[in-house]
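K.L.:
So I've got this file, target-v1.cif, and it contains mmCIF, C-alpha atoms (C1' of nucleotides):
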data_data
loop_
_atom_site.group_PDB
_atom_site.id
_atom_site.type_symbol
_atom_site.label_atom_id
_atom_site.label_comp_id
_atom_site.auth_asym_id
_atom_site.auth_seq_id
_atom_site.Cartn_x
_atom_site.Cartn_y
_atom_site.Cartn_z
ATOM 1 C CA MET J 3 68.960 111.060 85.078
ATOM 2 C CA PRO J 4 71.520 108.940 86.711
ATOM 3 C CA GLU J 5 75.034 110.380 87.039
ATOM 4 C CA LEU J 6 76.365 112.789 89.625
ATOM 5 C CA PRO J 7 75.287 116.043 87.930
ATOM 6 C CA GLU J 8 71.769 114.778 87.249
ATOM 7 C CA VAL J 9 71.343 113.436 90.779
ATOM 8 C CA GLU J 10 72.733 116.661 92.211
ATOM 9 C CA THR J 11 70.166 118.545 90.151
ATOM 10 C CA VAL J 12 67.332 116.393 91.448
ATOM 11 C CA ALA J 13 68.412 116.825 95.062
ATOM 12 C CA ARG J 14 68.813 120.594 94.720
ATOM 13 C CA GLN J 15 65.411 121.011 93.117
ATOM 14 C CA LEU J 16 63.678 118.706 95.546
ATOM 15 C CA ALA J 17 65.152 119.993 98.784
ATOM 16 C CA PRO J 18 63.461 123.406 98.979
ATOM 17 C CA SER J 19 60.096 121.907 98.011
ATOM 18 C CA VAL J 20 59.960 119.058 100.473
ATOM 19 C CA ALA J 21 62.364 119.782 103.331
ATOM 20 C CA GLY J 22 60.487 120.398 106.560
ATOM 21 C CA ARG J 23 57.292 118.738 105.386
ATOM 22 C CA ARG J 24 55.780 115.900 107.338
ATOM 23 C CA VAL J 25 55.220 112.484 105.792
ATOM 24 C CA ARG J 26 51.727 111.021 106.069
ATOM 25 C CA GLY J 27 52.568 107.666 104.614
ATOM 26 C CA LEU J 28 54.558 105.681 102.115
ATOM 27 C CA GLU J 29 53.143 103.244 99.603
ATOM 28 C CA ILE J 30 55.537 100.941 97.823
ATOM 29 C CA LEU J 31 53.844 99.805 94.641
ATOM 30 C CA ASP J 32 56.706 97.758 93.206
ATOM 31 C CA PRO J 33 57.847 94.880 95.430
ATOM 32 C CA LEU J 34 61.334 95.170 93.918
ATOM 33 C CA LEU J 35 61.726 98.325 96.006
ATOM 34 C CA GLU J 36 61.220 96.487 99.292
ATOM 35 C CA ASP J 37 64.585 95.924 100.915
ATOM 36 C CA GLY J 38 63.175 93.980 103.807
ATOM 37 C CA ARG J 39 63.351 96.797 106.318
ATOM 38 C CA THR J 40 60.948 99.373 104.999
ATOM 39 C CA PRO J 41 60.023 101.343 108.125
ATOM 40 C CA GLN J 42 56.977 103.228 109.332
ATOM 41 C CA LEU J 43 57.366 106.761 108.078
ATOM 42 C CA ALA J 44 54.082 108.343 109.096
ATOM 43 C CA GLY J 45 54.582 111.476 111.156
ATOM 44 C CA ARG J 46 58.248 111.911 110.377
ATOM 45 C CA PRO J 47 59.341 115.173 108.774
ATOM 46 C CA ILE J 48 61.691 115.201 105.814
ATOM 47 C CA ALA J 49 64.681 116.825 107.468
ATOM 48 C CA SER J 50 66.990 117.054 104.466
ATOM 49 C CA VAL J 51 67.521 115.957 100.872
ATOM 50 C CA GLU J 52 70.988 115.692 99.438
ATOM 51 C CA ARG J 53 73.063 113.830 96.915
ATOM 52 C CA SER J 54 75.444 111.073 97.923
ATOM 53 C CA GLY J 55 77.323 109.515 95.018
ATOM 54 C CA LYS J 56 74.622 108.755 92.486
ATOM 55 C CA ARG J 57 71.923 108.437 95.152
ATOM 56 C CA VAL J 58 69.435 110.867 96.574
ATOM 57 C CA LEU J 59 69.685 110.721 100.329
ATOM 58 C CA PHE J 60 66.637 111.609 102.412
ATOM 59 C CA GLU J 61 66.839 112.246 106.125
ATOM 60 C CA PHE J 62 63.641 111.707 108.084
ATOM 61 C CA GLY J 63 63.462 113.286 111.493
ATOM 62 C CA PRO J 64 61.805 111.820 114.559
ATOM 63 C CA ALA J 65 58.026 111.662 114.644
ATOM 64 C CA ARG J 66 56.355 113.643 117.435
ATOM 65 C CA GLY J 67 56.369 111.646 120.615
ATOM 66 C CA ARG J 68 57.428 108.270 119.308
ATOM 67 C CA GLN J 69 60.634 107.402 117.505
ATOM 68 C CA VAL J 70 63.537 109.661 118.378
ATOM 69 C CA ARG J 71 66.120 108.344 116.012
ATOM 70 C CA PRO J 72 66.372 109.849 112.537
ATOM 71 C CA LEU J 73 66.139 107.579 109.547
ATOM 72 C CA TRP J 74 67.910 107.712 106.213
ATOM 73 C CA LEU J 75 66.753 106.585 102.809
ATOM 74 C CA ALA J 76 69.056 106.318 99.807
ATOM 75 C CA VAL J 77 67.173 106.313 96.513
ATOM 76 C CA HIS J 78 69.165 105.069 93.554
ATOM 77 C CA LEU J 79 67.613 106.142 90.272
ATOM 78 C CA ARG J 80 69.711 103.725 88.209
ATOM 79 C CA MET J 81 68.797 104.119 84.542
ATOM 80 C CA THR J 82 65.290 105.526 84.458
ATOM 81 C CA GLY J 83 64.265 106.482 87.975
ATOM 82 C CA ARG J 84 62.686 109.871 88.628
ATOM 83 C CA LEU J 85 61.596 111.635 91.768
ATOM 84 C CA LEU J 86 58.684 113.957 91.167
ATOM 85 C CA TRP J 87 57.256 116.431 93.610
ATOM 86 C CA LEU J 88 53.628 117.242 92.920
ATOM 87 C CA GLU J 89 51.704 119.887 94.781
ATOM 88 C CA ARG J 90 48.238 118.832 95.719
ATOM 89 C CA ALA J 91 45.736 118.970 92.857
ATOM 90 C CA ALA J 92 48.359 118.218 90.238
ATOM 91 C CA ALA J 93 47.509 115.477 87.769
ATOM 92 C CA VAL J 94 49.191 112.273 88.894
ATOM 93 C CA PRO J 95 50.983 110.232 86.249
ATOM 94 C CA ARG J 96 50.260 106.587 86.993
ATOM 95 C CA GLU J 97 52.480 105.042 84.400
ATOM 96 C CA HIS J 98 55.503 103.341 85.902
ATOM 97 C CA LEU J 99 54.710 104.730 89.311
ATOM 98 C CA ARG J 100 56.672 102.563 91.764
ATOM 99 C CA ALA J 101 56.307 104.349 95.093
ATOM 100 C CA ARG J 102 54.406 107.263 96.535
ATOM 101 C CA PHE J 103 55.192 109.351 99.605
ATOM 102 C CA ARG J 104 52.134 111.185 100.845
ATOM 103 C CA VAL J 105 53.465 114.410 102.282
ATOM 104 C CA ASP J 106 51.833 117.476 103.770
ATOM 105 C CA GLY J 107 50.928 119.691 100.843
ATOM 106 C CA GLY J 108 51.742 117.244 98.085
ATOM 107 C CA GLU J 109 53.111 113.938 96.955
ATOM 108 C CA LEU J 110 56.582 112.725 96.219
ATOM 109 C CA LEU J 111 56.477 110.081 93.497
ATOM 110 C CA PHE J 112 59.087 107.601 92.434
ATOM 111 C CA VAL J 113 58.607 106.705 88.784
ATOM 112 C CA ASP J 114 60.888 104.182 87.138
ATOM 113 C CA THR J 115 60.301 102.595 83.751
ATOM 114 C CA ARG J 116 62.932 99.902 83.889
ATOM 115 C CA ARG J 117 62.524 99.123 87.578
ATOM 116 C CA PHE J 118 66.260 99.086 88.281
ATOM 117 C CA GLY J 119 65.960 101.777 90.919
ATOM 118 C CA THR J 120 66.486 100.876 94.564
ATOM 119 C CA PHE J 121 65.533 102.084 98.021
ATOM 120 C CA ARG J 122 67.883 101.408 100.915
ATOM 121 C CA TRP J 123 67.170 102.366 104.490
ATOM 122 C CA TYR J 124 69.784 103.268 107.095
ATOM 123 C CA ARG J 125 69.826 104.169 110.758
ATOM 124 C CA THR J 126 72.755 106.572 110.512
ATOM 125 C CA ARG J 127 74.289 108.869 107.948
ATOM 126 C CA GLU J 128 77.583 107.048 108.306
ATOM 127 C CA ALA J 129 76.006 103.751 107.352
ATOM 128 C CA ALA J 130 74.528 105.387 104.273
ATOM 129 C CA ALA J 131 77.851 106.830 103.130
ATOM 130 C CA PRO J 132 79.317 105.324 99.966
ATOM 131 C CA VAL J 133 82.714 103.611 99.908
ATOM 132 C CA GLY J 134 84.193 105.675 97.097
ATOM 133 C CA VAL J 135 85.461 109.246 97.204
ATOM 134 C CA GLU J 136 83.292 112.185 96.150
ATOM 135 C CA PRO J 137 85.095 113.625 93.116
ATOM 136 C CA LEU J 138 84.191 117.232 93.949
ATOM 137 C CA SER J 139 85.165 117.032 97.593
ATOM 138 C CA PRO J 140 88.435 118.509 98.868
ATOM 139 C CA GLU J 141 89.262 114.956 99.850
ATOM 140 C CA LEU J 142 90.098 114.193 96.249
ATOM 141 C CA THR J 143 93.607 115.554 96.009
ATOM 142 C CA ARG J 144 96.115 114.499 93.403
ATOM 143 C CA PRO J 145 97.940 112.166 95.805
ATOM 144 C CA ARG J 146 94.604 110.654 96.802
ATOM 145 C CA LEU J 147 93.663 110.041 93.176
ATOM 146 C CA ALA J 148 97.125 108.649 92.503
ATOM 147 C CA SER J 149 96.761 106.180 95.348
ATOM 148 C CA LEU J 150 93.340 105.105 94.110
ATOM 149 C CA LEU J 151 94.754 104.453 90.646
ATOM 150 C CA ARG J 152 97.952 102.799 91.796
ATOM 151 C CA GLY J 153 98.446 99.185 90.817
ATOM 152 C CA SER J 154 95.317 98.862 88.706
ATOM 153 C CA SER J 155 95.692 97.190 85.338
ATOM 154 C CA GLN J 156 92.073 97.922 84.495
ATOM 155 C CA GLU J 157 91.434 100.222 81.540
ATOM 156 C CA ILE J 158 90.843 103.758 82.739
ATOM 157 C CA LYS J 159 87.358 104.166 81.263
ATOM 158 C CA PRO J 160 85.809 101.164 83.059
ATOM 159 C CA TRP J 161 87.880 102.133 86.102
ATOM 160 C CA LEU J 162 86.128 105.496 86.229
ATOM 161 C CA LEU J 163 82.766 103.723 86.353
ATOM 162 C CA ARG J 164 83.683 101.838 89.539
ATOM 163 C CA GLN J 165 81.847 103.285 92.488
ATOM 164 C CA ASP J 166 84.266 101.870 95.049
ATOM 165 C CA ARG J 167 86.996 104.306 93.930
ATOM 166 C CA LEU J 168 85.330 107.546 92.820
ATOM 167 C CA VAL J 169 81.583 107.876 93.182
ATOM 168 C CA GLY J 170 79.199 109.535 90.803
ATOM 169 C CA LEU J 171 80.764 109.014 87.386
ATOM 170 C CA GLY J 172 78.798 107.125 84.763
ATOM 171 C CA ASN J 173 78.997 106.367 81.095
ATOM 172 C CA ILE J 174 78.530 109.905 79.783
ATOM 173 C CA TYR J 175 80.916 111.763 82.044
ATOM 174 C CA ALA J 176 83.600 109.062 82.030
ATOM 175 C CA SER J 177 83.947 109.502 78.275
ATOM 176 C CA GLU J 178 83.696 113.289 78.470
ATOM 177 C CA ILE J 179 86.278 113.539 81.242
ATOM 178 C CA LEU J 180 88.808 111.365 79.410
ATOM 179 C CA HIS J 181 88.382 113.463 76.292
ATOM 180 C CA ALA J 182 88.834 116.678 78.259
ATOM 181 C CA ALA J 183 91.941 115.192 79.862
ATOM 182 C CA GLY J 184 93.357 114.002 76.536
ATOM 183 C CA LEU J 185 93.629 110.447 77.808
ATOM 184 C CA SER J 186 92.884 107.261 75.894
ATOM 185 C CA PRO J 187 90.115 105.172 77.451
ATOM 186 C CA PHE J 188 92.303 102.094 76.924
ATOM 187 C CA ARG J 189 95.159 103.218 79.157
ATOM 188 C CA ALA J 190 95.719 101.056 82.187
ATOM 189 C CA ALA J 191 94.501 103.037 85.187
ATOM 190 C CA GLY J 192 97.707 102.394 87.092
ATOM 191 C CA SER J 193 99.909 103.535 84.201
ATOM 192 C CA LEU J 194 99.110 107.250 84.391
ATOM 193 C CA ASP J 195 102.023 109.465 85.328
ATOM 194 C CA GLY J 196 101.820 112.453 87.630
ATOM 195 C CA ARG J 197 100.973 114.962 84.917
ATOM 196 C CA GLU J 198 98.290 112.727 83.464
ATOM 197 C CA ILE J 199 96.747 112.221 86.879
ATOM 198 C CA ARG J 200 96.666 115.971 87.318
ATOM 199 C CA ARG J 201 94.929 116.355 83.942
ATOM 200 C CA LEU J 202 92.431 113.687 84.909
ATOM 201 C CA LEU J 203 91.686 115.427 88.199
ATOM 202 C CA VAL J 204 91.300 118.863 86.628
ATOM 203 C CA ALA J 205 89.079 117.493 83.859
ATOM 204 C CA THR J 206 86.911 115.601 86.340
ATOM 205 C CA ARG J 207 86.270 118.676 88.432
ATOM 206 C CA ARG J 208 85.713 120.916 85.441
ATOM 207 C CA ILE J 209 83.330 118.647 83.540
ATOM 208 C CA LEU J 210 81.251 117.791 86.596
ATOM 209 C CA THR J 211 81.058 121.398 87.733
ATOM 210 C CA GLN J 212 79.962 122.575 84.299
ATOM 211 C CA ALA J 213 77.443 119.752 84.016
ATOM 212 C CA ILE J 214 75.931 120.622 87.388
ATOM 213 C CA ARG J 215 75.701 124.243 86.318
ATOM 214 C CA ALA J 216 73.821 123.062 83.210
ATOM 215 C CA CYS J 217 71.534 120.892 85.390
ATOM 216 C CA GLY J 218 72.946 117.747 83.818
ATOM 217 C CA THR J 219 72.258 116.003 80.535
ATOM 218 C CA THR J 220 68.757 115.198 79.310
ATOM 219 C CA PHE J 221 68.181 113.013 76.261
ATOM 220 C CA SER J 222 64.494 112.333 76.502
ATOM 221 C CA ASP J 223 62.072 115.124 75.779
ATOM 222 C CA PHE J 224 60.182 114.261 78.908
ATOM 223 C CA GLN J 225 59.302 117.262 81.038
ATOM 224 C CA ASP J 226 58.575 116.507 84.632
ATOM 225 C CA ALA J 227 56.368 118.425 86.983
ATOM 226 C CA ARG J 228 59.172 120.667 88.149
ATOM 227 C CA GLY J 229 60.538 121.262 84.668
ATOM 228 C CA ILE J 230 63.880 119.682 85.447
ATOM 229 C CA GLU J 231 65.639 119.423 82.159
ATOM 230 C CA GLY J 232 69.375 119.533 81.753
ATOM 231 C CA SER J 233 71.186 121.307 78.964
ATOM 232 C CA TYR J 234 74.640 119.752 79.156
ATOM 233 C CA GLN J 235 73.940 117.707 75.995
ATOM 234 C CA ARG J 236 74.878 120.888 74.136
ATOM 235 C CA PHE J 237 78.405 120.633 75.484
ATOM 236 C CA LEU J 238 79.042 116.930 74.939
ATOM 237 C CA ALA J 239 82.326 116.564 73.097
ATOM 238 C CA VAL J 240 82.269 112.840 72.324
ATOM 239 C CA TYR J 241 79.306 111.070 73.927
ATOM 240 C CA GLU J 242 76.849 109.976 71.230
ATOM 241 C CA ARG J 243 78.901 111.851 68.635
ATOM 242 C CA GLU J 244 80.234 108.839 66.762
ATOM 243 C CA GLY J 245 81.450 109.774 63.291
ATOM 244 C CA GLN J 246 81.308 113.504 63.971
ATOM 245 C CA ARG J 247 84.420 115.609 64.052
ATOM 246 C CA CYS J 248 86.245 116.231 67.285
ATOM 247 C CA ARG J 249 85.852 119.874 68.255
ATOM 248 C CA ARG J 250 89.482 119.978 69.289
ATOM 249 C CA CYS J 251 91.409 118.144 66.546
ATOM 250 C CA ARG J 252 88.822 117.502 63.824
ATOM 251 C CA ALA J 253 89.431 113.733 63.809
ATOM 252 C CA ARG J 254 86.315 111.592 63.823
ATOM 253 C CA VAL J 255 84.882 110.483 67.129
ATOM 254 C CA GLU J 256 84.771 106.710 67.552
ATOM 255 C CA ARG J 257 82.483 104.457 69.536
ATOM 256 C CA VAL J 258 83.964 101.298 70.994
ATOM 257 C CA VAL J 259 82.641 98.798 73.500
ATOM 258 C CA GLN J 260 84.443 98.246 76.789
ATOM 259 C CA GLN J 261 82.968 95.777 79.218
ATOM 260 C CA GLN J 262 79.696 95.773 77.309
ATOM 261 C CA ARG J 263 79.301 99.506 77.519
ATOM 262 C CA SER J 264 79.802 102.150 74.876
ATOM 263 C CA THR J 265 82.856 104.356 75.121
ATOM 264 C CA TYR J 266 83.178 107.413 72.926
ATOM 265 C CA HIS J 267 86.599 108.855 72.276
ATOM 266 C CA CYS J 268 88.664 110.796 69.800
ATOM 267 C CA PRO J 269 91.587 108.756 68.479
ATOM 268 C CA GLY J 270 93.212 112.016 67.327
ATOM 269 C CA CYS J 271 93.721 113.756 70.629
ATOM 270 C CA GLN J 272 93.301 111.089 73.294
ATOM 271 C CA ALA J 273 96.731 109.522 73.555
ATOM 272 C "C1'" DA Q 2 88.844 91.622 86.400
ATOM 273 C "C1'" DC Q 3 85.158 90.336 83.467
ATOM 274 C "C1'" DC Q 4 80.514 88.655 81.992
ATOM 275 C "C1'" DC Q 5 75.659 88.223 82.827
ATOM 276 C "C1'" DT Q 6 71.547 89.670 84.480
ATOM 277 C "C1'" DC Q 7 67.847 92.407 86.291
ATOM 278 C "C1'" DC Q 8 63.610 95.279 83.421
ATOM 279 C "C1'" DT Q 9 61.154 97.969 79.865
ATOM 280 C "C1'" DG Q 10 61.188 100.696 75.883
ATOM 281 C "C1'" DT Q 11 62.825 102.601 71.406
ATOM 282 C "C1'" DC Q 12 65.032 102.528 67.199
ATOM 283 C "C1'" DA Q 13 67.095 100.687 62.789
ATOM 284 C "C1'" DT V 16 64.478 90.817 65.276
ATOM 285 C "C1'" DG V 17 68.376 92.534 67.411
ATOM 286 C "C1'" DA V 18 71.052 96.243 69.344
ATOM 287 C "C1'" DC V 19 71.121 99.518 72.597
ATOM 288 C "C1'" DA V 20 69.973 102.611 76.762
ATOM 289 C "C1'" DG V 21 72.467 107.640 81.819
ATOM 290 C "C1'" DG V 22 73.729 101.268 86.481
ATOM 291 C "C1'" DA V 23 75.641 97.940 89.385
ATOM 292 C "C1'" DG V 24 75.301 93.363 92.232
ATOM 293 C "C1'" DG V 25 76.360 88.582 91.907
ATOM 294 C "C1'" DG V 26 78.874 84.883 90.131
ATOM 295 C "C1'" DT V 27 83.025 82.962 87.955
#
How would this structure read if it were set down as structure tokens?

P.N.:
Amino acid sequence: MPELPEVETVARQLAPSVAGRRVRGLEILDPLLEDGRTPQLAGRPIASVERSGKRVLFEFGPARGRQVRPLWLAVHLRMTGRLLWLERAAAVPREHLRARFRVDGGELLFVDTRRFGTFRWYRTREAAAPVGVEPLSPELTRPRLASLLRGSSQEIKPWLLRQDRLVGLGNIYASEILHAAGLSPFRAAGSLDGREIRRLLVATRRILTQAIRACGTTFSDFQDARGIEGSYQRFLAVYEREGQRCRRCRARVERVVQQQRSTYHCPGCQA
DNA sequence: ACCCTCCTGTCA
DNA sequence: TGACAGGAGGGT
């Protein structure tokens, strides 16, 4: 569940369940998750859970008595990572379990089939902040987007996947946003005019907002312990719709490969 | 700015 | 067997 709407969904579902609970311990079962500075967590409360870019950001408060500084953990789910909150007594799925937080009243599990997920620890929120701009923040104005795009000869679809410009977009929503904006994925990012940039901005906000409302996109039929399952797949206009007719202009949706990743677009209405 | 790679699983 | 999968860091 890896793009902005899916990560937002995870953070929103997790926060009320775990915020305020005290951590008893952390077991890292997959050495790939060690970033060399895995700290002692025992006794620290989970102060907050939020989304930052495509990562779930956990804030751990100070433990009673000892450490006074808070601690931040950014969990990147990458392709197949999941964070599962299980109340005590729930059956624990062992398959692909990569890390386990023992928490008062339950367990927070990190499950990740492909093992691409990452943990990164930070001492401050600022250090944990991503470089790119949050697409739904008021910071992303049209002039700001224009300045991000300016001078880039990169094709707009791969440009949207860069996390050092905008954060949170991935392969599904990049294609969906360009379709909603009526923009060809092959356009050079820096070649968009003012009206096109406006369309891109409006489409970005609209698609992401709708996808968050739908709790994201879920392809697998996997049901996790909290029943998090998105429904945005119902609204996909081009992604994984190769050969089907465009809902807007009836042309057939095409799949092409850009930088070794699939791009779906409608050659009829994406100029 | 682009290609490869990391890892595991599923599907044709 | 090979292509592909919601991602991105490292190397050229």

K.L.:
Identify every residue of chain Q that has at least one atom within 9 Å of any atom of chain J, counting only C-alpha atoms (C1' of nucleotides), and report the result as an MDAnalysis selection string.

P.N.:
chainID Q and resid 2:4 7:10

K.L.:
Starting from the PyMOL selection byres ((chain J) within 10 of (chain V)), expand the selection into actual residues of this file and give them as a ChimeraX atom specification.

P.N.:
/J:3-5,8,56,78-82,118-119,163-165,172-175,219-221,263-264

K.L.:
Counting all atoms listed in the file, I want the residues whose atoms come within 9 Å of (67.0, 117.6, 100.5) in the file frame, returned as a list in words.

P.N.:
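It turns out the residues near that spot are Ala13, Arg14, Gln15, Leu16, Ala17, Pro18, Ser19, Val20, Ala21, Ile48, Ala49, Ser50, Val51, Glu52, Arg53, Val58, Leu59, Phe60 and Glu61 of chain J.
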
K.L.:
Keeping only C-alpha atoms, take the residues you just selected and write them out as a short mmCIF file (atom, residue, chain, number, x, y, z; two decimals), keeping the file's coordinate frame.

P.N.:
data_model
loop_
_atom_site.label_atom_id
_atom_site.label_comp_id
_atom_site.auth_asym_id
_atom_site.auth_seq_id
_atom_site.Cartn_x
_atom_site.Cartn_y
_atom_site.Cartn_z
CA ALA J 13 68.41 116.82 95.06
CA ARG J 14 68.81 120.59 94.72
CA GLN J 15 65.41 121.01 93.12
CA LEU J 16 63.68 118.71 95.55
CA ALA J 17 65.15 119.99 98.78
CA PRO J 18 63.46 123.41 98.98
CA SER J 19 60.10 121.91 98.01
CA VAL J 20 59.96 119.06 100.47
CA ALA J 21 62.36 119.78 103.33
CA ILE J 48 61.69 115.20 105.81
CA ALA J 49 64.68 116.82 107.47
CA SER J 50 66.99 117.05 104.47
CA VAL J 51 67.52 115.96 100.87
CA GLU J 52 70.99 115.69 99.44
CA ARG J 53 73.06 113.83 96.92
CA VAL J 58 69.44 110.87 96.57
CA LEU J 59 69.68 110.72 100.33
CA PHE J 60 66.64 111.61 102.41
CA GLU J 61 66.84 112.25 106.12
#

K.L.:
Name the residues that the PyMOL selection byres ((chain J and resi 206) around 12) picks from the file above, as JSON, numbers by chain, using the file's chain letters and numbers.

P.N.:
{"J": [6, 7, 136, 137, 138, 139, 142, 143, 144, 147, 162, 168, 169, 170, 171, 172, 175, 176, 177, 178, 179, 180, 181, 182, 183, 184, 199, 200, 201, 202, 203, 204, 205, 207, 208, 209, 210, 211, 212, 213]}

K.L.:
Applied to this file, what does the PyMOL selection byres ((chain J and resi 73) around 12) return in terms of residues, put as a VMD selection string?

P.N.:
chain J and resid 39 to 43 46 to 50 59 to 65 69 to 72 74 to 76 122 to 130

K.L.:
Give me, please, the distance in Å between atom CA of J:Arg57 and atom CA of J:Asp166, quoted to one decimal.

P.N.:
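Computing the Euclidean distance for atom CA of J:Arg57 and atom CA of J:Asp166 yields 14.0 Å.
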
K.L.:
Using all atoms listed in the file, determine which residues lie at most 12 Å from stretch 266-269 of chain J, disregarding the query and same-chain residues fewer than 5 positions distant; provide the list as a ChimeraX atom specification.

P.N.:
/J:159,173-188,238-260

K.L.:
Work out how far atom CA of J:Arg84 is from atom CA of J:Phe112, in Å to one decimal.

P.N.:
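Distance reported for this atom pair: 5.7 Å.
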
K.L.:
Would you mind putting back all heavy atoms on stretch 183-190 of chain J, then writing it out as a short mmCIF file (atom, residue, chain, number, x, y, z; two decimals), keeping the file's coordinate frame?

P.N.:
data_model
loop_
_atom_site.label_atom_id
_atom_site.label_comp_id
_atom_site.auth_asym_id
_atom_site.auth_seq_id
_atom_site.Cartn_x
_atom_site.Cartn_y
_atom_site.Cartn_z
N ALA J 183 90.60 115.39 79.31
CA ALA J 183 91.94 115.19 79.86
C ALA J 183 92.94 114.77 78.80
O ALA J 183 94.14 114.68 79.07
CB ALA J 183 91.89 114.15 80.98
N GLY J 184 92.46 114.47 77.60
CA GLY J 184 93.36 114.00 76.54
C GLY J 184 93.94 112.64 76.82
O GLY J 184 95.09 112.36 76.46
N LEU J 185 93.15 111.78 77.45
CA LEU J 185 93.63 110.45 77.81
C LEU J 185 92.84 109.37 77.07
O LEU J 185 91.61 109.44 76.99
CB LEU J 185 93.47 110.22 79.31
CG LEU J 185 94.36 111.06 80.22
CD1 LEU J 185 93.90 110.92 81.68
CD2 LEU J 185 95.81 110.60 80.09
N SER J 186 93.55 108.37 76.56
CA SER J 186 92.88 107.26 75.89
C SER J 186 92.11 106.42 76.90
O SER J 186 92.61 106.14 77.99
CB SER J 186 93.91 106.38 75.19
OG SER J 186 93.35 105.11 74.92
N PRO J 187 90.90 106.01 76.55
CA PRO J 187 90.12 105.17 77.45
C PRO J 187 90.73 103.80 77.68
O PRO J 187 90.36 103.09 78.61
CB PRO J 187 88.75 105.05 76.75
CG PRO J 187 89.02 105.34 75.31
CD PRO J 187 90.16 106.32 75.31
N PHE J 188 91.71 103.43 76.83
CA PHE J 188 92.30 102.09 76.92
C PHE J 188 93.52 102.05 77.83
O PHE J 188 94.05 101.00 78.11
CB PHE J 188 92.71 101.59 75.52
CG PHE J 188 91.60 101.68 74.52
CD1 PHE J 188 91.69 102.54 73.44
CD2 PHE J 188 90.45 100.92 74.68
CE1 PHE J 188 90.66 102.64 72.52
CE2 PHE J 188 89.41 101.01 73.75
CZ PHE J 188 89.51 101.87 72.68
N ARG J 189 93.99 103.20 78.27
CA ARG J 189 95.16 103.22 79.16
C ARG J 189 94.87 102.45 80.44
O ARG J 189 93.78 102.55 81.01
CB ARG J 189 95.50 104.67 79.52
CG ARG J 189 96.05 105.48 78.35
CD ARG J 189 97.49 105.12 78.05
NE ARG J 189 98.32 105.29 79.23
CZ ARG J 189 98.81 106.46 79.64
NH1 ARG J 189 98.54 107.56 78.96
NH2 ARG J 189 99.58 106.53 80.71
N ALA J 190 95.86 101.71 80.89
CA ALA J 190 95.72 101.06 82.19
C ALA J 190 95.66 102.14 83.26
O ALA J 190 96.46 103.08 83.25
CB ALA J 190 96.90 100.12 82.44
#
